[in-house]
file start.txt (compact mmCIF, C-alpha atoms and all ligand atoms)
# COMPACT_ATOMS: atom_id res chain seq x y z
CA MET A 1 -19.84 9.89 11.36
CA SER A 2 -21.57 6.51 11.31
CA LYS A 3 -24.25 6.17 8.68
CA ILE A 4 -27.12 4.00 9.86
CA LEU A 5 -29.98 2.85 7.66
CA ILE A 6 -33.29 1.79 9.17
CA ILE A 7 -35.43 -0.41 6.93
CA GLU A 8 -38.84 -0.84 8.51
CA ASP A 9 -42.32 -0.64 7.01
CA GLU A 10 -44.13 0.39 10.21
CA ALA A 11 -43.76 4.16 10.20
CA ALA A 12 -44.20 4.52 13.98
CA ILE A 13 -41.43 2.08 14.83
CA ARG A 14 -39.17 3.54 12.16
CA ARG A 15 -39.54 7.00 13.63
CA VAL A 16 -39.03 5.91 17.22
CA LEU A 17 -35.86 4.02 16.28
CA GLY A 18 -34.61 6.96 14.24
CA LYS A 19 -35.15 9.35 17.12
CA ILE A 20 -33.53 7.15 19.73
CA ILE A 21 -30.48 6.64 17.58
CA SER A 22 -29.96 10.22 16.45
CA ASN A 23 -30.49 11.50 19.99
CA GLU A 24 -27.93 9.06 21.32
CA SER A 25 -24.94 10.56 19.55
CA GLU A 26 -24.18 13.39 17.19
CA SER A 27 -21.97 11.05 15.22
CA PHE A 28 -24.94 8.86 14.22
CA GLU A 29 -26.49 9.86 10.93
CA VAL A 30 -29.80 8.09 10.32
CA GLU A 31 -31.63 7.41 7.06
CA GLU A 32 -34.88 5.55 6.67
CA ALA A 33 -36.45 3.24 4.08
CA GLU A 34 -40.11 2.27 4.12
CA ASP A 35 -39.75 -1.22 2.67
CA GLY A 36 -37.17 -3.86 1.76
CA LEU A 37 -36.92 -2.92 -1.89
CA VAL A 38 -36.32 0.77 -1.28
CA GLY A 39 -33.85 -0.18 1.46
CA PHE A 40 -31.88 -2.46 -0.82
CA GLN A 41 -31.76 0.18 -3.55
CA MET A 42 -30.32 2.64 -1.05
CA LEU A 43 -27.75 0.08 0.01
CA GLU A 44 -26.72 -0.42 -3.60
CA LYS A 45 -26.15 3.29 -4.14
CA LYS A 46 -24.54 4.38 -0.91
CA ASP A 47 -22.19 3.02 1.73
CA TYR A 48 -23.67 2.58 5.19
CA ASP A 49 -21.93 1.50 8.37
CA LEU A 50 -24.88 -0.33 9.84
CA VAL A 51 -28.36 -1.51 8.86
CA LEU A 52 -31.32 -2.05 11.14
CA CYS A 53 -33.67 -4.23 9.17
CA ASP A 54 -37.19 -5.43 9.89
CA ILE A 55 -37.89 -9.05 8.95
CA LYS A 56 -41.45 -9.00 7.72
CA MET A 57 -41.94 -6.34 5.05
CA PRO A 58 -43.79 -5.94 1.75
CA LYS A 59 -41.95 -6.13 -1.63
CA MET A 60 -38.76 -7.62 -0.19
CA ASP A 61 -38.46 -9.18 3.24
CA GLY A 62 -35.55 -8.62 5.61
CA VAL A 63 -33.96 -12.00 4.96
CA GLU A 64 -33.75 -11.26 1.25
CA VAL A 65 -32.35 -7.78 1.85
CA LEU A 66 -29.67 -9.32 4.07
CA GLU A 67 -28.75 -12.02 1.58
CA LYS A 68 -28.62 -9.67 -1.39
CA THR A 69 -26.57 -7.06 0.45
CA GLN A 70 -24.05 -9.64 1.56
CA LYS A 71 -23.32 -10.41 -2.05
CA ILE A 72 -22.44 -6.81 -2.92
CA LYS A 73 -21.29 -5.33 0.41
CA PRO A 74 -20.37 -8.12 2.80
CA ASP A 75 -18.85 -5.84 5.44
CA ILE A 76 -22.03 -4.01 6.46
CA PRO A 77 -23.38 -5.38 9.75
CA PHE A 78 -27.13 -6.04 9.99
CA ILE A 79 -29.19 -5.89 13.15
CA MET A 80 -32.53 -7.56 12.44
CA ILE A 81 -35.73 -6.30 14.01
CA SER A 82 -37.98 -9.20 14.79
CA GLY A 83 -41.68 -8.96 15.40
CA HIS A 84 -43.80 -11.11 17.65
CA GLY A 85 -43.43 -14.79 16.76
CA GLU A 86 -40.43 -14.31 14.48
CA LEU A 87 -37.77 -15.35 16.94
CA GLU A 88 -36.87 -18.45 14.97
CA THR A 89 -36.39 -16.47 11.76
CA ALA A 90 -34.31 -13.94 13.67
CA VAL A 91 -32.00 -16.66 14.91
CA GLN A 92 -31.82 -18.04 11.40
CA THR A 93 -30.67 -14.66 10.03
CA MET A 94 -27.71 -14.77 12.39
CA ARG A 95 -26.65 -17.98 10.71
CA LEU A 96 -26.88 -16.12 7.42
CA GLY A 97 -24.52 -13.50 8.77
CA ALA A 98 -26.67 -10.96 10.59
CA PHE A 99 -24.74 -9.44 13.47
CA ASP A 100 -27.57 -9.43 16.01
CA TYR A 101 -31.31 -9.04 16.38
CA ILE A 102 -33.65 -7.08 18.62
CA SER A 103 -37.30 -7.75 19.32
CA LYS A 104 -40.21 -5.37 18.94
CA PRO A 105 -40.90 -3.23 20.81
CA PRO A 106 -37.21 -2.34 21.00
CA ASP A 107 -35.56 -2.20 24.39
CA LEU A 108 -33.51 0.98 24.53
CA ASN A 109 -30.38 -0.39 26.22
CA ARG A 110 -30.27 -3.56 24.23
CA LEU A 111 -30.66 -1.58 21.01
CA LEU A 112 -27.88 0.90 21.73
CA ASN A 113 -25.54 -1.86 22.89
CA ALA A 114 -26.12 -3.85 19.74
CA ILE A 115 -25.47 -0.75 17.64
CA ARG A 116 -22.21 0.08 19.38
CA ASN A 117 -20.96 -3.50 19.14
CA ALA A 118 -21.83 -3.75 15.48
CA LEU A 119 -20.09 -0.48 14.63
CA ASP A 120 -16.98 -1.51 16.59
CA LYS A 121 -16.82 -4.79 14.74
CA LYS A 122 -17.31 -3.14 11.38
CA GLN A 123 -14.42 -0.80 12.09
CA LEU A 124 -12.16 -3.69 13.03
CA VAL A 125 -13.00 -5.60 9.88
CA VAL A 126 -12.36 -2.59 7.67
CA GLU A 127 -9.11 -1.76 9.47
CA ASN A 128 -7.90 -5.34 9.12
CA LYS A 129 -8.62 -5.38 5.44
CA ARG A 130 -6.88 -2.07 5.00
CA LEU A 131 -3.75 -3.33 6.77
CA LYS A 132 -3.66 -6.58 4.83
CA LYS A 133 -4.03 -4.79 1.52
CA LYS A 134 -1.35 -2.31 2.50
CA VAL A 135 1.17 -5.08 3.02
CA ASN A 136 0.32 -6.73 -0.28
CA LEU A 137 0.11 -3.54 -2.24
CA ASN A 138 3.35 -2.09 -1.02
CA TYR A 139 5.53 -3.81 -3.53
CA GLN A 140 3.46 -4.47 -6.63
CA MET A 141 5.10 -3.78 -9.95
CA ILE A 142 2.50 -2.50 -12.34
CA GLY A 143 2.85 -2.25 -16.10
CA ASP A 144 2.65 -4.35 -19.24
CA SER A 145 5.02 -2.36 -21.43
CA ASP A 146 7.78 -4.36 -23.09
CA ALA A 147 10.25 -2.81 -20.68
CA ILE A 148 8.39 -3.90 -17.54
CA VAL A 149 7.71 -7.36 -18.91
CA ALA A 150 11.41 -7.74 -19.69
CA ILE A 151 12.38 -6.57 -16.20
CA LYS A 152 10.02 -9.04 -14.57
CA LYS A 153 11.47 -11.88 -16.65
CA MET A 154 14.95 -10.79 -15.72
CA ILE A 155 14.03 -10.74 -12.02
CA ASP A 156 12.66 -14.28 -12.28
CA LYS A 157 15.88 -15.50 -13.82
CA VAL A 158 18.33 -13.60 -11.66
CA ALA A 159 16.65 -13.60 -8.25
CA PRO A 160 17.30 -17.26 -7.33
CA THR A 161 21.02 -16.94 -8.10
CA GLU A 162 23.70 -15.36 -5.95
CA ALA A 163 24.71 -12.91 -8.70
CA ARG A 164 25.25 -9.30 -7.76
CA VAL A 165 22.88 -6.91 -9.46
CA LEU A 166 23.27 -3.24 -10.29
CA ILE A 167 19.98 -1.43 -10.90
CA THR A 168 20.13 1.84 -12.81
CA GLY A 169 17.47 4.37 -13.72
CA ASN A 170 16.33 7.91 -13.03
CA ASN A 171 14.69 9.19 -9.84
CA GLY A 172 11.46 7.48 -8.90
CA THR A 173 11.49 4.89 -11.71
CA GLY A 174 11.19 1.94 -9.32
CA LYS A 175 14.74 0.82 -8.58
CA GLU A 176 14.01 0.14 -4.94
CA LEU A 177 10.97 -1.84 -5.99
CA VAL A 178 13.13 -4.03 -8.24
CA ALA A 179 15.56 -4.60 -5.36
CA HIS A 180 12.71 -5.77 -3.11
CA TRP A 181 11.46 -8.16 -5.75
CA LEU A 182 14.92 -9.61 -6.27
CA HIS A 183 15.16 -10.32 -2.57
CA GLN A 184 11.59 -11.63 -2.24
CA LYS A 185 12.07 -14.07 -5.08
CA SER A 186 15.50 -15.20 -3.94
CA ASN A 187 16.42 -18.16 -1.79
CA ARG A 188 17.29 -15.67 0.91
CA SER A 189 13.79 -14.26 1.23
CA ASN A 190 13.35 -15.68 4.73
CA ALA A 191 16.33 -13.66 5.91
CA THR A 192 16.40 -9.89 6.00
CA LEU A 193 16.91 -7.33 3.29
CA VAL A 194 19.05 -4.59 4.80
CA GLU A 195 18.83 -1.27 3.00
CA VAL A 196 21.58 1.30 3.14
CA ASN A 197 21.08 4.71 1.62
CA CYS A 198 24.69 5.55 0.86
CA ALA A 199 23.83 9.15 -0.04
CA ALA A 200 22.27 9.82 3.35
CA ILE A 201 25.23 8.76 5.48
CA PRO A 202 28.05 11.29 6.04
CA SER A 203 31.31 9.96 4.62
CA GLU A 204 33.03 9.87 8.01
CA LEU A 205 30.31 7.59 9.38
CA ILE A 206 29.75 5.26 6.46
CA GLU A 207 32.52 2.86 7.35
CA SER A 208 31.17 2.26 10.83
CA GLU A 209 27.63 2.09 9.50
CA LEU A 210 28.52 -0.62 6.97
CA PHE A 211 31.09 -2.59 8.91
CA GLY A 212 30.38 -1.78 12.57
CA HIS A 213 32.83 -0.64 15.21
CA VAL A 214 34.24 -1.58 18.59
CA LYS A 215 33.88 0.40 21.76
CA GLY A 216 36.28 3.33 22.00
CA SER A 217 37.32 3.26 18.35
CA PHE A 218 36.20 6.88 17.94
CA THR A 219 34.55 9.59 20.03
CA GLY A 220 30.99 8.56 20.68
CA ALA A 221 31.60 4.85 20.10
CA ASN A 222 30.62 3.82 23.61
CA LYS A 223 29.84 0.23 22.82
CA ASP A 224 30.50 -2.47 20.21
CA ARG A 225 28.15 -2.31 17.30
CA ALA A 226 27.54 -4.55 14.30
CA GLY A 227 27.39 -2.95 10.85
CA LYS A 228 24.89 -3.44 8.05
CA PHE A 229 26.96 -6.14 6.33
CA GLU A 230 26.93 -8.24 9.48
CA THR A 231 23.23 -7.63 10.12
CA ALA A 232 22.47 -8.72 6.57
CA SER A 233 24.35 -11.99 6.94
CA GLY A 234 22.36 -14.82 5.41
CA GLY A 235 20.26 -12.27 3.55
CA THR A 236 20.67 -9.39 1.15
CA ILE A 237 22.21 -5.95 1.45
CA PHE A 238 20.84 -3.23 -0.78
CA LEU A 239 23.35 -0.45 -1.38
CA ASP A 240 21.05 2.30 -2.59
CA GLU A 241 22.53 5.41 -4.26
CA VAL A 242 25.85 3.60 -4.43
CA GLY A 243 27.15 6.27 -6.83
CA ASP A 244 27.16 8.74 -3.95
CA MET A 245 29.61 6.80 -1.82
CA SER A 246 32.95 8.42 -1.03
CA LEU A 247 36.09 6.96 -2.63
CA SER A 248 37.43 5.78 0.72
CA ALA A 249 34.19 3.95 1.50
CA GLN A 250 34.29 2.45 -2.00
CA ALA A 251 37.72 0.99 -1.26
CA LYS A 252 36.39 -0.75 1.83
CA VAL A 253 33.28 -2.07 0.14
CA LEU A 254 35.48 -3.40 -2.64
CA ARG A 255 37.49 -5.41 -0.13
CA ALA A 256 34.32 -6.79 1.43
CA LEU A 257 33.11 -7.91 -2.00
CA GLN A 258 36.45 -9.39 -3.06
CA GLU A 259 37.12 -11.36 0.08
CA ASN A 260 33.67 -11.82 1.61
CA LYS A 261 35.25 -10.54 4.78
CA ILE A 262 34.91 -7.38 6.78
CA SER A 263 36.39 -5.99 9.96
CA ARG A 264 34.80 -3.61 12.40
CA VAL A 265 36.27 -0.15 12.78
CA GLY A 266 38.89 -0.26 15.52
CA ASN A 267 39.49 -4.00 15.29
CA ASP A 268 41.60 -5.97 12.81
CA ARG A 269 39.84 -9.26 13.33
CA ASP A 270 38.20 -10.50 10.10
CA ILE A 271 34.55 -11.46 10.15
CA LYS A 272 33.29 -13.72 7.38
CA ILE A 273 30.09 -12.57 5.77
CA ASP A 274 27.54 -14.32 3.61
CA VAL A 275 25.63 -11.55 1.92
CA ARG A 276 24.04 -11.06 -1.47
CA VAL A 277 24.71 -7.57 -2.75
CA ILE A 278 22.24 -5.52 -4.77
CA ALA A 279 23.11 -1.93 -5.63
CA ALA A 280 21.25 0.93 -7.27
CA THR A 281 22.09 4.33 -8.60
CA ASN A 282 20.58 7.12 -10.66
CA LYS A 283 24.03 8.24 -11.73
CA ASP A 284 25.77 7.26 -14.92
CA LEU A 285 28.56 5.26 -13.31
CA LYS A 286 30.57 5.02 -16.54
CA LYS A 287 30.76 8.79 -16.56
CA GLU A 288 31.61 8.87 -12.85
CA ILE A 289 34.45 6.47 -13.55
CA GLU A 290 35.80 8.79 -16.28
CA LEU A 291 35.57 11.68 -13.83
CA GLY A 292 37.51 9.66 -11.28
CA LYS A 293 34.63 9.65 -8.83
CA PHE A 294 33.80 5.97 -8.96
CA ARG A 295 36.19 3.03 -8.87
CA GLU A 296 36.12 0.95 -12.00
CA ASP A 297 37.06 -2.23 -10.15
CA LEU A 298 34.13 -1.76 -7.78
CA TYR A 299 31.82 -1.16 -10.73
CA HIS A 300 32.74 -4.52 -12.23
CA ARG A 301 32.22 -6.23 -8.89
CA LEU A 302 28.75 -4.75 -8.51
CA ALA A 303 27.49 -4.91 -12.08
CA VAL A 304 27.55 -8.63 -12.75
CA ILE A 305 23.93 -8.29 -13.86
CA LEU A 306 22.64 -4.91 -14.99
CA ILE A 307 18.96 -4.03 -14.77
CA HIS A 308 17.99 -0.70 -16.24
CA VAL A 309 14.59 0.70 -15.29
CA PRO A 310 13.44 3.06 -18.05
CA SER A 311 11.90 6.45 -17.38
CA LEU A 312 8.14 6.77 -17.38
CA ASN A 313 8.23 8.99 -20.47
CA ASP A 314 9.60 5.99 -22.36
CA ARG A 315 6.71 3.73 -21.35
CA ILE A 316 3.62 5.95 -21.31
CA GLU A 317 1.53 2.93 -22.30
CA ASP A 318 1.81 1.89 -18.62
CA ILE A 319 0.21 5.12 -17.41
CA PRO A 320 -3.47 3.98 -17.58
CA LEU A 321 -2.70 0.85 -15.51
CA LEU A 322 -0.66 2.87 -13.04
CA ILE A 323 -3.45 5.43 -12.64
CA ASP A 324 -5.91 2.66 -11.95
CA TYR A 325 -3.59 0.99 -9.46
CA PHE A 326 -2.69 4.17 -7.57
CA SER A 327 -6.29 5.34 -7.52
CA LYS A 328 -7.27 2.03 -5.89
CA SER A 329 -4.36 1.71 -3.49
CA ILE A 330 -4.29 5.34 -2.36
CA SER A 331 -8.02 5.45 -1.73
CA GLU A 332 -7.76 2.21 0.29
CA GLN A 333 -4.88 3.51 2.33
CA GLN A 334 -6.43 6.87 3.03
CA GLY A 335 -9.99 5.63 3.41
CA ILE A 336 -11.24 8.01 0.71
CA SER A 337 -13.48 7.00 -2.17
CA GLN A 338 -12.00 5.78 -5.41
CA LYS A 339 -12.56 7.95 -8.49
CA ILE A 340 -13.11 7.30 -12.14
CA PHE A 341 -10.66 8.92 -14.54
CA GLN A 342 -12.19 10.05 -17.80
CA HIS A 343 -10.45 8.82 -20.90
CA SER A 344 -9.45 12.32 -21.94
CA ALA A 345 -7.96 12.96 -18.50
CA ILE A 346 -5.81 9.84 -18.81
CA GLU A 347 -4.67 10.89 -22.28
CA LEU A 348 -3.70 14.31 -21.01
CA LEU A 349 -1.67 12.73 -18.22
CA GLN A 350 0.11 10.64 -20.85
CA GLU A 351 1.29 13.84 -22.52
CA TYR A 352 3.01 15.18 -19.42
CA ASP A 353 6.76 15.26 -18.99
CA TRP A 354 7.26 12.96 -16.00
CA THR A 355 10.68 14.04 -14.80
CA GLY A 356 9.94 12.60 -11.35
CA ASN A 357 8.70 9.37 -12.95
CA ILE A 358 6.42 6.98 -11.05
CA ARG A 359 6.84 8.74 -7.75
CA GLU A 360 5.64 11.98 -9.34
CA LEU A 361 2.71 10.26 -11.04
CA ARG A 362 1.68 8.76 -7.72
CA ASN A 363 1.72 12.19 -6.07
CA VAL A 364 -0.36 13.69 -8.86
CA ILE A 365 -2.96 10.91 -8.57
CA GLU A 366 -3.12 11.42 -4.82
CA ARG A 367 -3.67 15.14 -5.35
CA LEU A 368 -6.42 14.48 -7.89
CA LEU A 369 -8.18 12.00 -5.60
CA ILE A 370 -8.24 14.55 -2.82
CA LEU A 371 -8.97 17.72 -4.79
CA GLY A 372 -10.70 16.61 -8.00
CA GLU A 373 -14.39 16.08 -8.76
CA ASP A 374 -15.99 12.64 -8.32
CA GLU A 375 -15.07 11.85 -11.90
CA ILE A 376 -11.65 13.18 -12.86
CA SER A 377 -11.81 15.22 -16.06
CA GLU A 378 -9.30 17.10 -18.20
CA THR A 379 -10.22 20.23 -16.26
CA ASP A 380 -9.21 18.61 -12.97
CA VAL A 381 -5.94 17.54 -14.52
CA ARG A 382 -5.26 21.07 -15.79
CA LEU A 383 -6.16 22.54 -12.39
CA PHE A 384 -4.41 20.16 -10.05
CA ALA A 385 -1.78 18.26 -12.00
CA SER A 386 0.02 21.21 -13.51
CA LYS A 387 3.58 21.70 -12.48
N1 LIG B 1 5.96 -0.40 -11.77
C1 LIG B 1 5.49 0.13 -10.64
N2 LIG B 1 4.26 -0.18 -10.22
C2 LIG B 1 3.77 0.37 -9.09
N3 LIG B 1 4.42 1.19 -8.30
C3 LIG B 1 5.66 1.54 -8.65
C4 LIG B 1 6.27 1.02 -9.83
N4 LIG B 1 7.50 1.53 -9.92
C5 LIG B 1 7.66 2.34 -8.86
N5 LIG B 1 6.57 2.35 -8.08
C6 LIG B 1 6.36 3.15 -6.86
O1 LIG B 1 6.89 4.45 -7.11
C7 LIG B 1 7.61 4.94 -6.00
C8 LIG B 1 9.05 5.19 -6.38
O2 LIG B 1 9.70 3.95 -6.61
P1 LIG B 1 11.15 3.60 -6.03
O3 LIG B 1 11.34 4.17 -4.68
O4 LIG B 1 11.37 2.15 -6.21
O5 LIG B 1 12.03 4.42 -7.08
P2 LIG B 1 13.60 4.64 -7.13
O6 LIG B 1 14.00 4.41 -8.52
O7 LIG B 1 14.27 3.86 -6.07
O8 LIG B 1 13.68 6.21 -6.81
P3 LIG B 1 14.95 7.08 -6.29
O9 LIG B 1 15.96 7.11 -7.37
O10 LIG B 1 14.36 8.44 -6.05
O11 LIG B 1 15.43 6.42 -5.06
C9 LIG B 1 7.44 3.91 -4.91
O12 LIG B 1 6.34 4.27 -4.12
C10 LIG B 1 7.17 2.63 -5.68
O13 LIG B 1 6.45 1.71 -4.90
MG MG B 2 15.37 4.53 -4.45
call {"tool": "encode", "arguments": {"input": "start.txt", "output": "structure tokens"}}
result
Amino acid sequence: MSKILIIEDEAAIRRVLGKIISNESESFEVEEAEDGLVGFQMLEKKDYDLVLCDIKMPKMDGVEVLEKTQKIKPDIPFIMISGHGELETAVQTMRLGAFDYISKPPDLNRLLNAIRNALDKKQLVVENKRLKKKVNLNYQMIGDSDAIVAIKKMIDKVAPTEARVLITGNNGTGKELVAHWLHQKSNRSNATLVEVNCAAIPSELIESELFGHVKGSFTGANKDRAGKFETASGGTIFLDEVGDMSLSAQAKVLRALQENKISRVGNDRDIKIDVRVIAATNKDLKKEIELGKFREDLYHRLAVILIHVPSLNDRIEDIPLLIDYFSKSISEQQGISQKIFQHSAIELLQEYDWTGNIRELRNVIERLLILGEDEISETDVRLFASK
């Protein structure tokens, strides 16, 4: 649906325009305003996709409506309707940012063309903004709790060094986010960050995945292939869920870290690697070492710097900021309207037991944005955020 507002004081012209437009397509939804002031008030309250605006009108003329709207909603295209002898003003409005103008009496083809072009352009602009925001928003780290402030400071200090970092913390606390920041703020940020989810790779494949293989080294290896360590050369490798790696894979990773050398499966030739290693786990590696499931020597190689990301329950003071951030970013991404969270709703969310941490909070906010009322209340939280 494209919402089109016609601001025109001459009732006859307003009606003709309205008819032409709504007859043209079922996806055009037309509203009318009888003067500039009313039109501007409607623009303040509601989002339109396009405005057709007369120039000469009582109370507020078209130029003023255009200028004022641009200050609050710069993305809405304006097509000016110019009366006899107003051509110069019409041209002037295009310098002010109007998309196009049509003359009275309106020519049908010219009008519909201008409308289609303006709507196409509006969609492009919105889409572009959405994409740009998405890129920027992807990796923000929100929070002003002591814990988050300390982590950010730590990242600033550690990132530019070559030190290996082990990130610990429960599910969904933001370990991957910390890894991305470490890479982004490092001197290797122009090279790639290669992520390996060690838990997702079957143990018999992990060696070839990490170190590559040569053709014929095992069934199915029908050509030479570089592994993740080689691909990450010059950059960073992120060994996610490192606590889930098999003991035999651990032995091989240990060698790579000790000697900065690897060899592909099926070939003894050493390949030198220049890779910064960041690892993460939600397991208690000290305990895993006691149980004989994780190599102590590998632990010491990985954990030169330790960053622990605390659970959300231990930093509930961050919840209001996170709600605000997710409400904004999710509504942008999904093209739905942002919602206000009542104070009591936020407080109730702070009382929850967030076992799934930030990931769970994000899901709950998304659910509330989709299912809740325009203003999210305690009732919405009880209805849609219960677990
Ligand atoms: N401080 C934060 N500010 C904003 N978003 C965050 C923050 N921390 C985490 N997130 C978001 O929460 C989600 C989960 O974070 P992430 O994947 O980094 O967690 P994780 O600790 O790696 O989880 P898992 O142990 O399940 O792999 C992601 O969408 C991430 O962008
Ligand atoms: Mg993760």
call {"tool": "atom_distance", "arguments": {"input": "start.txt", "atom1": "CA of Val265 in chain A", "atom2": "CA of Gly212 in chain A"}}
result
6.1 Å
call {"tool": "closest_atom_pairs", "arguments": {"input": "start.txt", "of": "chain A", "to": "ligand LIG 1 (chain B)", "cutoff": "6 Å", "atoms": "all atoms listed in the file", "output": "CSV"}}
result
residue,atom,partner,partner_atom,distance
A:Tyr139,CA,B:LIG1,O13,5.8
A:Gln140,CA,B:LIG1,C2,5.4
A:Met141,CA,B:LIG1,N2,3.7
A:Ile142,CA,B:LIG1,N2,3.6
A:Gly143,CA,B:LIG1,N1,5.6
A:Asn170,CA,B:LIG1,O9,5.7
A:Asn171,CA,B:LIG1,O9,3.5
A:Gly172,CA,B:LIG1,O8,3.3
A:Thr173,CA,B:LIG1,O6,4.1
A:Gly174,CA,B:LIG1,O4,3.1
A:Lys175,CA,B:LIG1,O6,3.7
A:Glu176,CA,B:LIG1,O4,3.6
A:Leu177,CA,B:LIG1,O4,4.0
A:Asn282,CA,B:LIG1,O9,5.7
A:Ile358,CA,B:LIG1,O1,4.7
A:Arg359,CA,B:LIG1,C7,4.3
call {"tool": "closest_residue", "arguments": {"input": "start.txt", "among": "A:Val158, A:Leu50, A:Ala280, A:Leu66", "to": "ligand MG 2 (chain B)", "atoms": "all atoms listed in the file"}}
result
A:Ala280
call {"tool": "residues_around", "arguments": {"input": "start.txt", "residues": "Thr192 in chain A", "least_positions_apart": "4", "cutoff": "7 Å", "atoms": "only C-alpha atoms", "output": "ChimeraX atom specification"}}
result
/A:232,235-236
call {"tool": "write_last_selection", "arguments": {"input": "start.txt", "atoms": "C-alpha atoms", "output": "tab-separated table (two decimals), in the frame of the given file"}}
result
chain	number	residue	atom	x	y	z
A	232	ALA	CA	22.47	-8.72	6.57
A	235	GLY	CA	20.26	-12.27	3.55
A	236	THR	CA	20.67	-9.39	1.15
call {"tool": "atom_distance", "arguments": {"input": "start.txt", "atom1": "CA of Thr219 in chain A", "atom2": "CA of Lys293 in chain A"}}
result
28.9 Å
call {"tool": "atom_distance", "arguments": {"input": "start.txt", "atom1": "CA of Glu230 in chain A", "atom2": "CA of Phe211 in chain A"}}
result
7.0 Å
call {"tool": "residues_around", "arguments": {"input": "start.txt", "residues": "Phe229 in chain A", "least_positions_apart": "2", "cutoff": "8 Å", "atoms": "only C-alpha atoms", "output": "list in words"}}
result
Leu210, Phe211, Gly227, Thr231, Ala232, Ser233, Ile237, Ile273 and Val275 of chain A
call {"tool": "closest_residue", "arguments": {"input": "start.txt", "among": "A:Glu241, A:Arg264, A:Gln338, A:Gly169", "to": "Gly216 in chain A", "atoms": "all atoms listed in the file"}}
result
A:Arg264
call {"tool": "closest_residue", "arguments": {"input": "start.txt", "among": "A:Arg301, A:Phe341, A:Ile167, A:Arg276", "to": "ligand MG 2 (chain B)", "atoms": "all atoms listed in the file"}}
result
A:Ile167
call {"tool": "closest_residue", "arguments": {"input": "start.txt", "among": "A:Glu195, A:Asp268, A:Glu204, A:Glu296", "to": "Gly243 in chain A", "atoms": "all atoms listed in the file"}}
result
A:Glu296
call {"tool": "residues_around", "arguments": {"input": "start.txt", "residues": "Lys272 in chain A", "least_positions_apart": "5", "cutoff": "7 Å", "atoms": "all atoms listed in the file", "output": "list in words"}}
result
Asn260, Lys261 and Ile262 of chain A
call {"tool": "residues_near_point", "arguments": {"input": "start.txt", "point": "(25.8, -2.2, -2.1)", "cutoff": "7 Å", "atoms": "all atoms listed in the file", "output": "PyMOL selection string"}}
result
chain A and resi 237-240+242+277-279
call {"tool": "residues_near_point", "arguments": {"input": "start.txt", "point": "(-41.2, 1.8, 9.7)", "cutoff": "9 Å", "atoms": "only C-alpha atoms", "output": "number ranges by chain"}}
result
A: 6-17, 32-35, 54
call {"tool": "write_last_selection", "arguments": {"input": "start.txt", "atoms": "C-alpha atoms", "output": "mmCIF file, in the coordinates of the input"}}
result
data_model
loop_
_atom_site.group_PDB
_atom_site.id
_atom_site.type_symbol
_atom_site.label_atom_id
_atom_site.label_comp_id
_atom_site.auth_asym_id
_atom_site.auth_seq_id
_atom_site.Cartn_x
_atom_site.Cartn_y
_atom_site.Cartn_z
ATOM 1 C CA ILE A 6 -33.290 1.790 9.170
ATOM 2 C CA ILE A 7 -35.430 -0.410 6.930
ATOM 3 C CA GLU A 8 -38.840 -0.840 8.510
ATOM 4 C CA ASP A 9 -42.320 -0.640 7.010
ATOM 5 C CA GLU A 10 -44.130 0.390 10.210
ATOM 6 C CA ALA A 11 -43.760 4.160 10.200
ATOM 7 C CA ALA A 12 -44.200 4.520 13.980
ATOM 8 C CA ILE A 13 -41.430 2.080 14.830
ATOM 9 C CA ARG A 14 -39.170 3.540 12.160
ATOM 10 C CA ARG A 15 -39.540 7.000 13.630
ATOM 11 C CA VAL A 16 -39.030 5.910 17.220
ATOM 12 C CA LEU A 17 -35.860 4.020 16.280
ATOM 13 C CA GLU A 32 -34.880 5.550 6.670
ATOM 14 C CA ALA A 33 -36.450 3.240 4.080
ATOM 15 C CA GLU A 34 -40.110 2.270 4.120
ATOM 16 C CA ASP A 35 -39.750 -1.220 2.670
ATOM 17 C CA ASP A 54 -37.190 -5.430 9.890
#
call {"tool": "residues_around", "arguments": {"input": "start.txt", "residues": "Ala159 in chain A", "least_positions_apart": "5", "cutoff": "6 Å", "atoms": "all atoms listed in the file", "output": "number ranges by chain"}}
result
A: 182, 185-186
call {"tool": "closest_residue", "arguments": {"input": "start.txt", "among": "A:Leu108, A:Ala249, A:Val309, A:Leu302", "to": "ligand MG 2 (chain B)", "atoms": "all atoms listed in the file"}}
result
A:Val309
call {"tool": "closest_residue", "arguments": {"input": "start.txt", "among": "A:Leu5, A:Ala199, A:Ala303, A:Ile55", "to": "ligand MG 2 (chain B)", "atoms": "all atoms listed in the file"}}
result
A:Ala199
call {"tool": "residues_around", "arguments": {"input": "start.txt", "residues": "range 86-94 of chain A", "least_positions_apart": "6", "cutoff": "8 Å", "atoms": "all atoms listed in the file", "output": "list in words"}}
result
Ile55, Val63, Met80, Asp100, Tyr101 and Ser103 of chain A
call {"tool": "write_last_selection", "arguments": {"input": "start.txt", "atoms": "C-alpha atoms", "output": "tab-separated table (two decimals), keeping the file's coordinate frame"}}
result
chain	number	residue	atom	x	y	z
A	55	ILE	CA	-37.89	-9.05	8.95
A	63	VAL	CA	-33.96	-12.00	4.96
A	80	MET	CA	-32.53	-7.56	12.44
A	100	ASP	CA	-27.57	-9.43	16.01
A	101	TYR	CA	-31.31	-9.04	16.38
A	103	SER	CA	-37.30	-7.75	19.32
call {"tool": "axis_aligned_box", "arguments": {"input": "start.txt", "around": "range 69-81 of chain A", "padding_each_side": "6 Å", "output": "JSON"}}
result
{"center_x": -27.3, "center_y": -7.2, "center_z": 5.5, "size_x": 28.9, "size_y": 18.4, "size_z": 28.9}
call {"tool": "decode", "arguments": {"input": "start.txt", "residues": "range 109-113 of chain A", "atoms": "C-alpha atoms", "output": "compact mmCIF listing (two decimals), in the first residue's frame"}}
result
# COMPACT_ATOMS: atom_id res chain seq x y z
CA ASN A 109 -0.25 10.56 -18.06
CA ARG A 110 2.19 13.08 -16.73
CA LEU A 111 0.59 12.85 -13.29
CA LEU A 112 0.68 9.06 -13.06
CA ASN A 113 4.26 8.94 -14.34
